[in-house]
Amino acid sequence: MSNNDTSDGVDGGVESAESLEHPCLESGTCPICLLPIEIPVEHHSMVNVCCMKRVCNGCILSAKKCGILKNGCPFCRTPIAIAKERELLAMVTERVAVLDPVAVCFLGYHHVRGGYGLVKDPKKVIEFCQKAADMGDKNAHYILGDAYRKKWEKCSTEVCSDRDLSFQHYEKAAMEGHIFARFTLGVLECKEGHRDLALQHFLISAKMGHKLSMDNVKILLTGSIATEAICAEALQEYEAAVEDMTSTSREEAKQMGAENIRSFII
């Protein structure tokens with residue numbers, strides 16, 4: 001069997017992502033400590049709708065300890081703890097009005113899952129995320145890739161334009177450094193039997209600190225797609241990336257739990 005055999009079962013048992021069910025957002029670095037935010041970012045950080053900045057849990061905890069949080073945003077200090085859902089949505093709308101791509105993408109994202117008084121609406125997802133993507137937001141490209149993939153998976157014809165749109169948006173997000181987009185491309189390529197190409201995607205996201213990608217590199221090693229040397233190099237870079245995301249305050253925040261950290265603000 002060749003490495004690019006497209007017969008059944010060629011996915012090699014790779015780990016797939018929960019992100020294939022629900023989009024996972026990314027923000028790069030915390031605007032306060034400037035360290036990369038741990039993956040998945042929604043478990044280790046919080047976005048503040050007043051300024052649309054995603055702050056890591058470690059910095060939220062540090063702000064609380066220093067007495068500068070005061071039930072507000074640790075970045076811009078806007079009081080948001082007592083705000084009702086509609087007031088929070090109004091803050092997002094203000095950011096949308098000044099063409100903040102993160103805010104525009106935020107509206108699209110919450111039309112996927114609901115929240116902030118918004119209803120689930122696939123058309124609104126594409127509408128808002130396309131606007132944000134046009135402004136260069138990598139999360140918007142990823143969410144669009146996700147939306148078109150779900151349409152493509154329901155398509156009954158062999159040739160489906162939604163497949164091409166899905167891959168295009170995933171690829172654009174991946175080129176901007178979106179880890180889950182890169183990982184998802186690896187999963188999809190593996191499912192189509194392109195295991196050599198899948199390995200390249202997994203290597204990139206593994207070296208950015210993504211555990212499931214590193215696990216998949218190891219799985220492909222057992223399937224003779226990856227080599228011992230490639231796996232060892234990826235593991236070394238994976239561990240370095242994880243170390244770069246670590247700090248004393250973040251470790252303390254983990255011990256407290258994400259919900260307790262969130263309670264400092266909302």
# chains A, B, ... in the order shown; residues from 1 in each chain; ligands from 1
>>> residues_around(residues="A:Asp215", least_positions_apart="2", cutoff="12 Å", atoms="only C-alpha atoms", output="list in words")
Gly13, Val14, Glu15, Ser16, Ala17, Phe183, Leu199, Phe202, Leu203, Ser205, Ala206, Lys207, Gly209, His210, Lys211, Leu212, Ser213, Val217, Lys218, Ile219, Leu220, Leu221, Thr222, Ala226, Cys231, Ala234, Leu235 and Tyr238 of chain A
>>> select_by_dssp(residues="stretch 12-191 of chain A", states="helix (DSSP H, G or I)", output="PyMOL selection string")
chain A and resi 18-20+41-44+57-66+85-97+101-113+122-134+138-153+161-175+179-191
>>> atom_distance(atom1="atom CA of A:Val102", atom2="atom CA of A:Lys151")
24.2 Å
>>> residues_around(residues="A:Phe264", least_positions_apart="2", cutoff="10 Å", atoms="only C-alpha atoms", output="PDB file with C-alpha atoms, in the first residue's frame")
ATOM      1  CA  ILE A  60      -6.207  37.998  35.438  1.00  0.00           C
ATOM      2  CA  LEU A  61      -5.086  36.386  38.695  1.00  0.00           C
ATOM      3  CA  ALA A  63      -4.379  41.773  38.426  1.00  0.00           C
ATOM      4  CA  LYS A  64      -6.706  40.516  41.150  1.00  0.00           C
ATOM      5  CA  LEU A  69      -8.917  44.362  38.696  1.00  0.00           C
ATOM      6  CA  LYS A  70     -11.841  45.794  40.706  1.00  0.00           C
ATOM      7  CA  ASN A  71     -14.432  43.722  38.846  1.00  0.00           C
ATOM      8  CA  GLY A  72     -13.391  45.106  35.493  1.00  0.00           C
ATOM      9  CA  CYS A  73     -11.208  44.376  32.480  1.00  0.00           C
ATOM     10  CA  PRO A  74      -7.574  43.713  33.462  1.00  0.00           C
ATOM     11  CA  ALA A  81     -18.750  42.626  36.136  1.00  0.00           C
ATOM     12  CA  GLU A 259     -14.303  29.105  36.506  1.00  0.00           C
ATOM     13  CA  ASN A 260     -12.865  30.663  39.658  1.00  0.00           C
ATOM     14  CA  ILE A 261     -10.671  32.940  37.549  1.00  0.00           C
ATOM     15  CA  ARG A 262     -13.662  33.980  35.440  1.00  0.00           C
ATOM     16  CA  ILE A 266     -18.032  38.355  35.584  1.00  0.00           C
TER      17      ILE A 266
END
>>> closest_residue(among="A:Val41, A:Ala90, A:Leu118, A:Ala253", to="A:Ser62", atoms="only C-alpha atoms")
A:Ala253
